[in-house]
$ cat run_29.txt   # compact mmCIF, N, CA and C atoms
# COMPACT_ATOMS: atom_id res chain seq x y z
N MET L 1 0.86 -1.16 0.00
CA MET L 1 0.00 0.00 0.00
C MET L 1 0.91 1.23 0.00
N LYS L 2 0.79 2.04 -1.02
CA LYS L 2 1.63 3.23 -1.14
C LYS L 2 1.07 4.38 -0.30
N ALA L 3 1.99 5.23 0.13
CA ALA L 3 1.59 6.42 0.89
C ALA L 3 0.95 7.42 -0.06
N LEU L 4 -0.10 8.08 0.40
CA LEU L 4 -0.83 9.04 -0.43
C LEU L 4 -0.66 10.48 0.04
N LEU L 5 -0.24 10.66 1.28
CA LEU L 5 -0.18 12.00 1.87
C LEU L 5 1.27 12.38 2.18
N PRO L 6 1.56 13.68 2.27
CA PRO L 6 2.92 14.12 2.58
C PRO L 6 3.32 13.79 4.03
N ILE L 7 4.59 13.94 4.31
CA ILE L 7 5.16 13.55 5.61
C ILE L 7 4.50 14.30 6.77
N PHE L 8 4.18 15.58 6.59
CA PHE L 8 3.65 16.36 7.72
C PHE L 8 2.26 15.89 8.17
N CYS L 9 1.63 14.99 7.42
CA CYS L 9 0.31 14.49 7.82
C CYS L 9 0.38 13.51 8.99
N ARG L 10 1.54 12.90 9.23
CA ARG L 10 1.66 12.00 10.39
C ARG L 10 1.48 12.76 11.70
N PRO L 11 2.30 13.78 11.98
CA PRO L 11 2.07 14.51 13.24
C PRO L 11 0.72 15.23 13.25
N LEU L 12 0.27 15.68 12.10
CA LEU L 12 -1.04 16.32 12.02
C LEU L 12 -2.15 15.33 12.38
N GLY L 13 -2.00 14.07 11.96
CA GLY L 13 -2.98 13.03 12.31
C GLY L 13 -3.04 12.80 13.81
N TYR L 14 -1.86 12.78 14.46
CA TYR L 14 -1.85 12.62 15.91
C TYR L 14 -2.49 13.83 16.60
N PHE L 15 -2.26 15.02 16.05
CA PHE L 15 -2.88 16.22 16.61
C PHE L 15 -4.40 16.15 16.48
N VAL L 16 -4.89 15.69 15.34
CA VAL L 16 -6.34 15.57 15.12
C VAL L 16 -6.94 14.57 16.09
N ILE L 17 -6.26 13.45 16.33
CA ILE L 17 -6.76 12.46 17.29
C ILE L 17 -6.79 13.05 18.70
N ALA L 18 -5.73 13.75 19.08
CA ALA L 18 -5.71 14.38 20.41
C ALA L 18 -6.81 15.43 20.53
N LEU L 19 -7.02 16.19 19.49
CA LEU L 19 -8.10 17.18 19.48
C LEU L 19 -9.45 16.51 19.65
N ALA L 20 -9.65 15.40 18.93
CA ALA L 20 -10.92 14.67 19.03
C ALA L 20 -11.13 14.10 20.43
N LEU L 21 -10.04 13.75 21.12
CA LEU L 21 -10.18 13.21 22.47
C LEU L 21 -10.53 14.28 23.49
N PHE L 22 -9.92 15.45 23.37
CA PHE L 22 -10.08 16.47 24.40
C PHE L 22 -11.15 17.51 24.10
N LEU L 23 -11.49 17.71 22.84
CA LEU L 23 -12.47 18.73 22.48
C LEU L 23 -13.85 18.52 23.13
N PRO L 24 -14.38 17.29 23.18
CA PRO L 24 -15.68 17.12 23.84
C PRO L 24 -15.68 17.53 25.31
N PHE L 25 -14.57 17.25 26.01
CA PHE L 25 -14.49 17.64 27.42
C PHE L 25 -14.41 19.15 27.57
N ILE L 26 -13.67 19.79 26.69
CA ILE L 26 -13.58 21.25 26.73
C ILE L 26 -14.93 21.87 26.42
N MET L 27 -15.62 21.32 25.41
CA MET L 27 -16.95 21.84 25.05
C MET L 27 -17.94 21.62 26.20
N MET L 28 -17.81 20.51 26.92
CA MET L 28 -18.70 20.25 28.04
C MET L 28 -18.45 21.25 29.16
N MET L 29 -17.18 21.55 29.43
CA MET L 29 -16.86 22.52 30.48
C MET L 29 -17.34 23.92 30.11
N MET L 30 -17.41 24.20 28.81
CA MET L 30 -17.91 25.49 28.37
C MET L 30 -19.44 25.54 28.32
N GLY L 31 -20.08 24.38 28.57
CA GLY L 31 -21.54 24.33 28.59
C GLY L 31 -22.18 24.17 27.23
N LYS L 32 -21.43 23.77 26.23
CA LYS L 32 -21.96 23.62 24.87
C LYS L 32 -22.63 22.27 24.65
N VAL L 33 -22.26 21.27 25.43
CA VAL L 33 -22.82 19.92 25.25
C VAL L 33 -24.06 19.77 26.11
N THR L 34 -25.16 19.40 25.46
CA THR L 34 -26.42 19.14 26.16
C THR L 34 -26.90 17.74 25.81
N ASP L 35 -28.00 17.34 26.41
CA ASP L 35 -28.56 16.03 26.06
C ASP L 35 -29.01 15.99 24.61
N ALA L 36 -29.42 17.11 24.08
CA ALA L 36 -29.93 17.16 22.71
C ALA L 36 -28.82 17.00 21.67
N ASN L 37 -27.61 17.47 21.97
CA ASN L 37 -26.55 17.40 20.96
C ASN L 37 -25.39 16.48 21.34
N LEU L 38 -25.56 15.67 22.36
CA LEU L 38 -24.50 14.76 22.81
C LEU L 38 -24.12 13.77 21.71
N LEU L 39 -25.11 13.19 21.06
CA LEU L 39 -24.84 12.22 20.00
C LEU L 39 -24.06 12.88 18.85
N PHE L 40 -24.41 14.12 18.52
CA PHE L 40 -23.69 14.84 17.46
C PHE L 40 -22.22 14.99 17.81
N TYR L 41 -21.91 15.42 19.03
CA TYR L 41 -20.52 15.59 19.44
C TYR L 41 -19.78 14.26 19.50
N LYS L 42 -20.47 13.22 19.92
CA LYS L 42 -19.86 11.90 19.99
C LYS L 42 -19.48 11.42 18.59
N GLU L 43 -20.38 11.56 17.65
CA GLU L 43 -20.11 11.11 16.29
C GLU L 43 -19.06 11.98 15.60
N CYS L 44 -19.05 13.27 15.91
CA CYS L 44 -18.02 14.16 15.35
C CYS L 44 -16.64 13.77 15.88
N ALA L 45 -16.56 13.44 17.15
CA ALA L 45 -15.28 13.01 17.74
C ALA L 45 -14.81 11.71 17.08
N LYS L 46 -15.72 10.77 16.86
CA LYS L 46 -15.35 9.51 16.20
C LYS L 46 -14.87 9.77 14.78
N LEU L 47 -15.56 10.66 14.07
CA LEU L 47 -15.17 10.98 12.71
C LEU L 47 -13.79 11.65 12.67
N LEU L 48 -13.52 12.55 13.60
CA LEU L 48 -12.20 13.18 13.67
C LEU L 48 -11.12 12.14 13.96
N MET L 49 -11.40 11.20 14.86
CA MET L 49 -10.42 10.15 15.15
C MET L 49 -10.15 9.29 13.92
N MET L 50 -11.20 8.98 13.17
CA MET L 50 -11.02 8.20 11.94
C MET L 50 -10.17 8.96 10.94
N MET L 51 -10.44 10.25 10.78
CA MET L 51 -9.66 11.06 9.85
C MET L 51 -8.20 11.12 10.28
N GLY L 52 -7.95 11.31 11.56
CA GLY L 52 -6.58 11.35 12.07
C GLY L 52 -5.85 10.04 11.84
N ALA L 53 -6.52 8.93 12.12
CA ALA L 53 -5.89 7.62 11.93
C ALA L 53 -5.60 7.37 10.45
N LEU L 54 -6.50 7.74 9.57
CA LEU L 54 -6.25 7.58 8.14
C LEU L 54 -5.09 8.46 7.67
N MET L 55 -4.99 9.65 8.24
CA MET L 55 -3.86 10.52 7.90
C MET L 55 -2.53 9.86 8.30
N ILE L 56 -2.51 9.24 9.47
CA ILE L 56 -1.29 8.58 9.94
C ILE L 56 -0.95 7.39 9.05
N ILE L 57 -1.95 6.59 8.72
CA ILE L 57 -1.72 5.37 7.94
C ILE L 57 -1.22 5.70 6.53
N PHE L 58 -1.81 6.72 5.90
CA PHE L 58 -1.48 7.00 4.51
C PHE L 58 -0.41 8.08 4.32
N ALA L 59 0.20 8.55 5.39
CA ALA L 59 1.25 9.57 5.26
C ALA L 59 2.59 8.91 4.97
N LEU L 60 3.40 9.62 4.22
CA LEU L 60 4.76 9.16 3.95
C LEU L 60 5.55 9.08 5.25
N VAL L 61 6.48 8.17 5.29
CA VAL L 61 7.38 8.03 6.43
C VAL L 61 8.75 8.54 5.98
N LYS L 62 9.47 9.13 6.91
CA LYS L 62 10.83 9.57 6.59
C LYS L 62 11.62 8.37 6.08
N ASN L 63 12.34 8.54 4.99
CA ASN L 63 13.09 7.46 4.34
C ASN L 63 12.16 6.32 3.89
N GLU L 64 11.08 6.68 3.22
CA GLU L 64 10.10 5.70 2.71
C GLU L 64 10.78 4.72 1.76
N SER L 65 10.45 3.43 1.90
CA SER L 65 11.02 2.41 1.02
C SER L 65 9.97 1.33 0.78
N ASN L 66 10.37 0.33 0.00
CA ASN L 66 9.46 -0.81 -0.24
C ASN L 66 9.18 -1.54 1.06
N GLU L 67 10.14 -1.55 1.97
CA GLU L 67 9.95 -2.20 3.26
C GLU L 67 8.82 -1.53 4.04
N THR L 68 8.74 -0.20 3.94
CA THR L 68 7.67 0.53 4.62
C THR L 68 6.31 0.15 4.06
N GLU L 69 6.24 -0.04 2.75
CA GLU L 69 4.98 -0.48 2.14
C GLU L 69 4.58 -1.86 2.65
N GLN L 70 5.57 -2.74 2.77
CA GLN L 70 5.28 -4.07 3.30
C GLN L 70 4.82 -3.99 4.75
N ILE L 71 5.43 -3.10 5.52
CA ILE L 71 5.02 -2.92 6.92
C ILE L 71 3.58 -2.44 6.97
N ARG L 72 3.20 -1.50 6.09
CA ARG L 72 1.82 -1.02 6.04
C ARG L 72 0.85 -2.16 5.73
N ASN L 73 1.23 -3.01 4.77
CA ASN L 73 0.37 -4.14 4.41
C ASN L 73 0.23 -5.12 5.58
N ARG L 74 1.34 -5.41 6.25
CA ARG L 74 1.27 -6.32 7.41
C ARG L 74 0.48 -5.71 8.54
N ALA L 75 0.62 -4.40 8.75
CA ALA L 75 -0.14 -3.72 9.81
C ALA L 75 -1.63 -3.82 9.53
N THR L 76 -2.01 -3.63 8.28
CA THR L 76 -3.43 -3.74 7.92
C THR L 76 -3.96 -5.15 8.13
N ARG L 77 -3.16 -6.14 7.74
CA ARG L 77 -3.57 -7.53 7.93
C ARG L 77 -3.72 -7.85 9.42
N ASN L 78 -2.74 -7.45 10.23
CA ASN L 78 -2.80 -7.72 11.66
C ASN L 78 -3.96 -6.97 12.32
N ALA L 79 -4.20 -5.74 11.89
CA ALA L 79 -5.30 -4.96 12.46
C ALA L 79 -6.64 -5.59 12.13
N MET L 80 -6.79 -6.11 10.91
CA MET L 80 -8.06 -6.77 10.57
C MET L 80 -8.28 -7.99 11.45
N PHE L 81 -7.24 -8.78 11.65
CA PHE L 81 -7.35 -9.97 12.48
C PHE L 81 -7.70 -9.59 13.92
N MET L 82 -7.00 -8.61 14.48
CA MET L 82 -7.27 -8.22 15.87
C MET L 82 -8.65 -7.56 16.02
N THR L 83 -9.10 -6.83 15.01
CA THR L 83 -10.43 -6.22 15.07
C THR L 83 -11.51 -7.29 15.07
N VAL L 84 -11.34 -8.31 14.23
CA VAL L 84 -12.32 -9.40 14.22
C VAL L 84 -12.36 -10.08 15.58
N LEU L 85 -11.18 -10.32 16.18
CA LEU L 85 -11.15 -10.94 17.51
C LEU L 85 -11.83 -10.03 18.55
N PHE L 86 -11.56 -8.72 18.48
CA PHE L 86 -12.15 -7.78 19.43
C PHE L 86 -13.67 -7.72 19.29
N VAL L 87 -14.14 -7.61 18.06
CA VAL L 87 -15.58 -7.53 17.82
C VAL L 87 -16.25 -8.84 18.22
N PHE L 88 -15.63 -9.98 17.88
CA PHE L 88 -16.19 -11.27 18.25
C PHE L 88 -16.22 -11.44 19.76
N GLY L 89 -15.15 -11.02 20.44
CA GLY L 89 -15.14 -11.09 21.90
C GLY L 89 -16.23 -10.22 22.51
N GLY L 90 -16.45 -9.03 21.96
CA GLY L 90 -17.53 -8.17 22.43
C GLY L 90 -18.89 -8.79 22.21
N MET L 91 -19.05 -9.45 21.07
CA MET L 91 -20.32 -10.13 20.79
C MET L 91 -20.56 -11.26 21.78
N LEU L 92 -19.53 -12.06 22.04
CA LEU L 92 -19.67 -13.15 23.01
C LEU L 92 -19.99 -12.62 24.39
N TYR L 93 -19.36 -11.51 24.77
CA TYR L 93 -19.62 -10.90 26.08
C TYR L 93 -21.08 -10.45 26.18
N ARG L 94 -21.58 -9.79 25.14
CA ARG L 94 -22.98 -9.33 25.16
C ARG L 94 -23.95 -10.49 25.19
N VAL L 95 -23.62 -11.58 24.48
CA VAL L 95 -24.50 -12.76 24.50
C VAL L 95 -24.48 -13.39 25.89
N ALA L 96 -23.29 -13.53 26.48
CA ALA L 96 -23.18 -14.14 27.81
C ALA L 96 -23.88 -13.28 28.86
N LYS L 97 -23.80 -11.98 28.70
CA LYS L 97 -24.44 -11.05 29.64
C LYS L 97 -25.95 -10.95 29.41
N GLY L 98 -26.40 -11.33 28.21
CA GLY L 98 -27.82 -11.22 27.87
C GLY L 98 -28.23 -9.81 27.52
N ASP L 99 -27.29 -9.01 27.05
CA ASP L 99 -27.55 -7.61 26.71
C ASP L 99 -28.13 -7.52 25.30
N LEU L 100 -29.40 -7.15 25.22
CA LEU L 100 -30.06 -7.04 23.92
C LEU L 100 -30.06 -5.63 23.37
N ILE L 101 -29.70 -4.66 24.17
CA ILE L 101 -29.85 -3.26 23.78
C ILE L 101 -28.58 -2.68 23.16
N SER L 102 -27.45 -2.87 23.81
CA SER L 102 -26.22 -2.20 23.32
C SER L 102 -25.67 -2.92 22.09
N VAL L 103 -25.13 -2.11 21.19
CA VAL L 103 -24.55 -2.61 19.94
C VAL L 103 -23.22 -1.89 19.74
N ASP L 104 -22.23 -2.61 19.26
CA ASP L 104 -20.94 -1.99 18.98
C ASP L 104 -21.04 -1.24 17.66
N SER L 105 -20.79 0.07 17.69
CA SER L 105 -20.91 0.86 16.47
C SER L 105 -19.59 1.48 16.04
N SER L 106 -18.51 1.13 16.69
CA SER L 106 -17.24 1.78 16.38
C SER L 106 -16.19 0.79 15.89
N SER L 107 -16.59 -0.25 15.18
CA SER L 107 -15.65 -1.27 14.72
C SER L 107 -14.61 -0.70 13.76
N PHE L 108 -15.04 0.20 12.87
CA PHE L 108 -14.09 0.76 11.92
C PHE L 108 -13.06 1.63 12.62
N LEU L 109 -13.48 2.38 13.61
CA LEU L 109 -12.54 3.19 14.38
C LEU L 109 -11.55 2.30 15.12
N ILE L 110 -12.04 1.22 15.69
CA ILE L 110 -11.15 0.28 16.38
C ILE L 110 -10.14 -0.31 15.40
N PHE L 111 -10.62 -0.66 14.20
CA PHE L 111 -9.72 -1.19 13.17
C PHE L 111 -8.64 -0.16 12.83
N LEU L 112 -9.02 1.09 12.65
CA LEU L 112 -8.04 2.12 12.28
C LEU L 112 -7.02 2.35 13.38
N ILE L 113 -7.47 2.39 14.63
CA ILE L 113 -6.54 2.61 15.73
C ILE L 113 -5.59 1.42 15.87
N LEU L 114 -6.10 0.20 15.74
CA LEU L 114 -5.23 -0.97 15.77
C LEU L 114 -4.25 -0.96 14.60
N ASN L 115 -4.71 -0.49 13.45
CA ASN L 115 -3.84 -0.39 12.29
C ASN L 115 -2.70 0.59 12.54
N VAL L 116 -3.01 1.73 13.13
CA VAL L 116 -1.97 2.71 13.45
C VAL L 116 -0.98 2.13 14.45
N LEU L 117 -1.48 1.42 15.47
CA LEU L 117 -0.58 0.82 16.46
C LEU L 117 0.34 -0.22 15.81
N CYS L 118 -0.22 -1.07 14.95
CA CYS L 118 0.60 -2.07 14.25
C CYS L 118 1.60 -1.40 13.32
N LEU L 119 1.19 -0.34 12.64
CA LEU L 119 2.08 0.38 11.75
C LEU L 119 3.24 1.00 12.51
N GLU L 120 2.94 1.68 13.60
CA GLU L 120 4.00 2.31 14.39
C GLU L 120 4.96 1.27 14.96
N PHE L 121 4.41 0.16 15.45
CA PHE L 121 5.27 -0.91 15.97
C PHE L 121 6.17 -1.45 14.87
N GLY L 122 5.60 -1.69 13.70
CA GLY L 122 6.38 -2.23 12.58
C GLY L 122 7.48 -1.30 12.13
N ILE L 123 7.17 -0.01 12.06
CA ILE L 123 8.18 0.97 11.63
C ILE L 123 9.30 1.07 12.65
N LYS L 124 8.96 1.12 13.94
CA LYS L 124 9.99 1.19 14.97
C LYS L 124 10.83 -0.09 15.01
N LYS L 125 10.18 -1.23 14.84
CA LYS L 125 10.90 -2.51 14.83
C LYS L 125 11.87 -2.54 13.65
N SER L 126 11.43 -2.08 12.50
CA SER L 126 12.28 -2.05 11.32
C SER L 126 13.49 -1.13 11.54
N THR L 127 13.26 0.00 12.17
CA THR L 127 14.34 0.94 12.45
C THR L 127 15.37 0.32 13.39
N VAL L 128 14.90 -0.34 14.43
CA VAL L 128 15.81 -0.99 15.38
C VAL L 128 16.56 -2.13 14.71
N ASP L 129 15.86 -2.92 13.89
CA ASP L 129 16.53 -4.02 13.17
C ASP L 129 17.63 -3.49 12.26
N ARG L 130 17.34 -2.41 11.52
CA ARG L 130 18.33 -1.81 10.64
C ARG L 130 19.53 -1.29 11.44
N LEU L 131 19.26 -0.71 12.59
CA LEU L 131 20.32 -0.16 13.43
C LEU L 131 21.25 -1.26 13.92
N PHE L 132 20.68 -2.39 14.38
CA PHE L 132 21.51 -3.46 14.90
C PHE L 132 22.22 -4.22 13.76
N LYS L 133 21.60 -4.34 12.60
CA LYS L 133 22.29 -4.98 11.47
C LYS L 133 23.46 -4.15 11.01
N ARG L 134 23.31 -2.83 11.06
CA ARG L 134 24.38 -1.93 10.64
C ARG L 134 25.54 -1.98 11.63
N ASN L 135 25.24 -2.10 12.93
CA ASN L 135 26.29 -2.13 13.95
C ASN L 135 26.99 -3.49 14.06
N SER L 136 26.34 -4.56 13.61
CA SER L 136 26.92 -5.88 13.78
C SER L 136 27.93 -6.21 12.69
N ARG L 137 28.01 -5.41 11.64
CA ARG L 137 28.96 -5.68 10.55
C ARG L 137 30.34 -5.28 10.88
$ encode --input "run_29.txt" --output "structure tokens"
Amino acid sequence: MKALLPIFCRPLGYFVIALALFLPFIMMMMGKVTDANLLFYKECAKLLMMMGALMIIFALVKNESNETEQIRNRATRNAMFMTVLFVFGGMLYRVAKGDLISVDSSSFLIFLILNVLCLEFGIKKSTVDRLFKRNSR
């Protein structure tokens, strides 16, 4: 999977995610969040987190190479597997609990966040591997 966005989108993506995490609390302290618009703010925060995660996933990495593309592909594969396990575990929990009302509606966001975590781990692991291979010669 090739990168589609410039390098500065990685830190910008993290900023957008942080903004999405803290903005609802700030808006609540300012008295802007009410019972009538709570769902709107919740969905806007989820959408911002999705946009931030996509920016991180599709942004170029410093010293981009074919190895980075492979890391992105592996991160996506691992994130899909872990998301299926997470969603399935949540389904089993709700069945065991007998909960008929609540439904998981954030599976895509969970997938994106897991994808970012796998991507970051893969990139850092690759950097460390390169560093030790270079020093061992």
$ closest_residue --input "run_29.txt" --among "L:Leu39, L:Cys118, L:Leu92, L:Met49" --to "Asn78 in chain L" --atoms "all atoms listed in the file"
L:Cys118
$ select_by_dssp --input "run_29.txt" --residues "chain L" --states "helix (DSSP H, G or I)" --output "ChimeraX atom specification"
/L:9-29,38-58,66-97,107-136
$ residues_near_point --input "run_29.txt" --point "(-10.4, 7.7, 12.1)" --cutoff "8 Å" --atoms "only N, CA and C atoms" --output "NGL selection string"
:L and (17 or 45-55 or 108-110 or 112-113)
$ closest_residue --input "run_29.txt" --among "L:Arg94, L:Leu117, L:Leu100, L:Ala59" --to "Cys9 in chain L" --atoms "all atoms listed in the file"
L:Ala59
$ axis_aligned_box --input "run_29.txt" --around "range 34-39 of chain L" --padding-each-side "3 Å" --output "lines of an AutoDock Vina configuration file"
center_x = -27.0
center_y = 15.8
center_z = 22.6
size_x = 11.9
size_y = 13.2
size_z = 13.6
$ closest_residue --input "run_29.txt" --among "L:Tyr41, L:Leu12, L:Ser65, L:Ala96" --to "Phe25 in chain L" --atoms "only C-alpha atoms"
L:Tyr41
$ build_atoms --input "run_29.txt" --residues "range 103-128 of chain L" --atoms "N, CA, C and O atoms" --output "PDB file, keeping the file's coordinate frame"
ATOM      1  N   VAL L 103     -25.130  -2.110  21.190  1.00  0.00           N
ATOM      2  CA  VAL L 103     -24.550  -2.610  19.940  1.00  0.00           C
ATOM      3  C   VAL L 103     -23.220  -1.890  19.740  1.00  0.00           C
ATOM      4  O   VAL L 103     -23.123  -0.689  19.985  1.00  0.00           O
ATOM      5  N   ASP L 104     -22.230  -2.610  19.260  1.00  0.00           N
ATOM      6  CA  ASP L 104     -20.940  -1.990  18.980  1.00  0.00           C
ATOM      7  C   ASP L 104     -21.040  -1.240  17.660  1.00  0.00           C
ATOM      8  O   ASP L 104     -21.331  -1.830  16.627  1.00  0.00           O
ATOM      9  N   SER L 105     -20.790   0.070  17.690  1.00  0.00           N
ATOM     10  CA  SER L 105     -20.910   0.860  16.470  1.00  0.00           C
ATOM     11  C   SER L 105     -19.590   1.480  16.040  1.00  0.00           C
ATOM     12  O   SER L 105     -19.568   2.286  15.126  1.00  0.00           O
ATOM     13  N   SER L 106     -18.510   1.130  16.690  1.00  0.00           N
ATOM     14  CA  SER L 106     -17.240   1.780  16.380  1.00  0.00           C
ATOM     15  C   SER L 106     -16.190   0.790  15.890  1.00  0.00           C
ATOM     16  O   SER L 106     -15.003   0.965  16.137  1.00  0.00           O
ATOM     17  N   SER L 107     -16.590  -0.250  15.180  1.00  0.00           N
ATOM     18  CA  SER L 107     -15.650  -1.270  14.720  1.00  0.00           C
ATOM     19  C   SER L 107     -14.610  -0.700  13.760  1.00  0.00           C
ATOM     20  O   SER L 107     -13.447  -1.068  13.812  1.00  0.00           O
ATOM     21  N   PHE L 108     -15.040   0.200  12.870  1.00  0.00           N
ATOM     22  CA  PHE L 108     -14.090   0.760  11.920  1.00  0.00           C
ATOM     23  C   PHE L 108     -13.060   1.630  12.620  1.00  0.00           C
ATOM     24  O   PHE L 108     -11.875   1.592  12.278  1.00  0.00           O
ATOM     25  N   LEU L 109     -13.480   2.380  13.610  1.00  0.00           N
ATOM     26  CA  LEU L 109     -12.540   3.190  14.380  1.00  0.00           C
ATOM     27  C   LEU L 109     -11.550   2.300  15.120  1.00  0.00           C
ATOM     28  O   LEU L 109     -10.347   2.588  15.149  1.00  0.00           O
ATOM     29  N   ILE L 110     -12.040   1.220  15.690  1.00  0.00           N
ATOM     30  CA  ILE L 110     -11.150   0.280  16.380  1.00  0.00           C
ATOM     31  C   ILE L 110     -10.140  -0.310  15.400  1.00  0.00           C
ATOM     32  O   ILE L 110      -8.952  -0.392  15.688  1.00  0.00           O
ATOM     33  N   PHE L 111     -10.620  -0.660  14.200  1.00  0.00           N
ATOM     34  CA  PHE L 111      -9.720  -1.190  13.170  1.00  0.00           C
ATOM     35  C   PHE L 111      -8.640  -0.160  12.830  1.00  0.00           C
ATOM     36  O   PHE L 111      -7.455  -0.496  12.736  1.00  0.00           O
ATOM     37  N   LEU L 112      -9.020   1.090  12.650  1.00  0.00           N
ATOM     38  CA  LEU L 112      -8.040   2.120  12.280  1.00  0.00           C
ATOM     39  C   LEU L 112      -7.020   2.350  13.380  1.00  0.00           C
ATOM     40  O   LEU L 112      -5.821   2.477  13.107  1.00  0.00           O
ATOM     41  N   ILE L 113      -7.470   2.390  14.630  1.00  0.00           N
ATOM     42  CA  ILE L 113      -6.540   2.610  15.730  1.00  0.00           C
ATOM     43  C   ILE L 113      -5.590   1.420  15.870  1.00  0.00           C
ATOM     44  O   ILE L 113      -4.376   1.597  16.064  1.00  0.00           O
ATOM     45  N   LEU L 114      -6.100   0.200  15.740  1.00  0.00           N
ATOM     46  CA  LEU L 114      -5.230  -0.970  15.770  1.00  0.00           C
ATOM     47  C   LEU L 114      -4.250  -0.960  14.600  1.00  0.00           C
ATOM     48  O   LEU L 114      -3.088  -1.342  14.748  1.00  0.00           O
ATOM     49  N   ASN L 115      -4.710  -0.490  13.450  1.00  0.00           N
ATOM     50  CA  ASN L 115      -3.840  -0.390  12.290  1.00  0.00           C
ATOM     51  C   ASN L 115      -2.700   0.590  12.540  1.00  0.00           C
ATOM     52  O   ASN L 115      -1.549   0.316  12.213  1.00  0.00           O
ATOM     53  N   VAL L 116      -3.010   1.730  13.130  1.00  0.00           N
ATOM     54  CA  VAL L 116      -1.970   2.710  13.450  1.00  0.00           C
ATOM     55  C   VAL L 116      -0.980   2.130  14.450  1.00  0.00           C
ATOM     56  O   VAL L 116       0.236   2.286  14.301  1.00  0.00           O
ATOM     57  N   LEU L 117      -1.480   1.420  15.470  1.00  0.00           N
ATOM     58  CA  LEU L 117      -0.580   0.820  16.460  1.00  0.00           C
ATOM     59  C   LEU L 117       0.340  -0.220  15.810  1.00  0.00           C
ATOM     60  O   LEU L 117       1.548  -0.246  16.075  1.00  0.00           O
ATOM     61  N   CYS L 118      -0.220  -1.070  14.950  1.00  0.00           N
ATOM     62  CA  CYS L 118       0.600  -2.070  14.250  1.00  0.00           C
ATOM     63  C   CYS L 118       1.600  -1.400  13.320  1.00  0.00           C
ATOM     64  O   CYS L 118       2.752  -1.840  13.229  1.00  0.00           O
ATOM     65  N   LEU L 119       1.190  -0.340  12.640  1.00  0.00           N
ATOM     66  CA  LEU L 119       2.080   0.380  11.750  1.00  0.00           C
ATOM     67  C   LEU L 119       3.240   1.000  12.510  1.00  0.00           C
ATOM     68  O   LEU L 119       4.405   0.863  12.131  1.00  0.00           O
ATOM     69  N   GLU L 120       2.940   1.680  13.600  1.00  0.00           N
ATOM     70  CA  GLU L 120       4.000   2.310  14.390  1.00  0.00           C
ATOM     71  C   GLU L 120       4.960   1.270  14.960  1.00  0.00           C
ATOM     72  O   GLU L 120       6.171   1.467  14.940  1.00  0.00           O
ATOM     73  N   PHE L 121       4.410   0.160  15.450  1.00  0.00           N
ATOM     74  CA  PHE L 121       5.270  -0.910  15.970  1.00  0.00           C
ATOM     75  C   PHE L 121       6.170  -1.450  14.870  1.00  0.00           C
ATOM     76  O   PHE L 121       7.366  -1.648  15.077  1.00  0.00           O
ATOM     77  N   GLY L 122       5.600  -1.690  13.700  1.00  0.00           N
ATOM     78  CA  GLY L 122       6.380  -2.230  12.580  1.00  0.00           C
ATOM     79  C   GLY L 122       7.480  -1.300  12.130  1.00  0.00           C
ATOM     80  O   GLY L 122       8.605  -1.723  11.842  1.00  0.00           O
ATOM     81  N   ILE L 123       7.170  -0.010  12.060  1.00  0.00           N
ATOM     82  CA  ILE L 123       8.180   0.970  11.630  1.00  0.00           C
ATOM     83  C   ILE L 123       9.300   1.070  12.650  1.00  0.00           C
ATOM     84  O   ILE L 123      10.482   1.091  12.304  1.00  0.00           O
ATOM     85  N   LYS L 124       8.960   1.120  13.940  1.00  0.00           N
ATOM     86  CA  LYS L 124       9.990   1.190  14.970  1.00  0.00           C
ATOM     87  C   LYS L 124      10.830  -0.090  15.010  1.00  0.00           C
ATOM     88  O   LYS L 124      12.044  -0.041  15.172  1.00  0.00           O
ATOM     89  N   LYS L 125      10.180  -1.230  14.840  1.00  0.00           N
ATOM     90  CA  LYS L 125      10.900  -2.510  14.830  1.00  0.00           C
ATOM     91  C   LYS L 125      11.870  -2.540  13.650  1.00  0.00           C
ATOM     92  O   LYS L 125      13.009  -2.974  13.794  1.00  0.00           O
ATOM     93  N   SER L 126      11.430  -2.080  12.500  1.00  0.00           N
ATOM     94  CA  SER L 126      12.280  -2.050  11.320  1.00  0.00           C
ATOM     95  C   SER L 126      13.490  -1.130  11.540  1.00  0.00           C
ATOM     96  O   SER L 126      14.607  -1.462  11.148  1.00  0.00           O
ATOM     97  N   THR L 127      13.260   0.000  12.170  1.00  0.00           N
ATOM     98  CA  THR L 127      14.340   0.940  12.450  1.00  0.00           C
ATOM     99  C   THR L 127      15.370   0.320  13.390  1.00  0.00           C
ATOM    100  O   THR L 127      16.584   0.429  13.162  1.00  0.00           O
ATOM    101  N   VAL L 128      14.900  -0.340  14.430  1.00  0.00           N
ATOM    102  CA  VAL L 128      15.810  -0.990  15.380  1.00  0.00           C
ATOM    103  C   VAL L 128      16.560  -2.130  14.710  1.00  0.00           C
ATOM    104  O   VAL L 128      17.776  -2.294  14.904  1.00  0.00           O
TER     105      VAL L 128
END
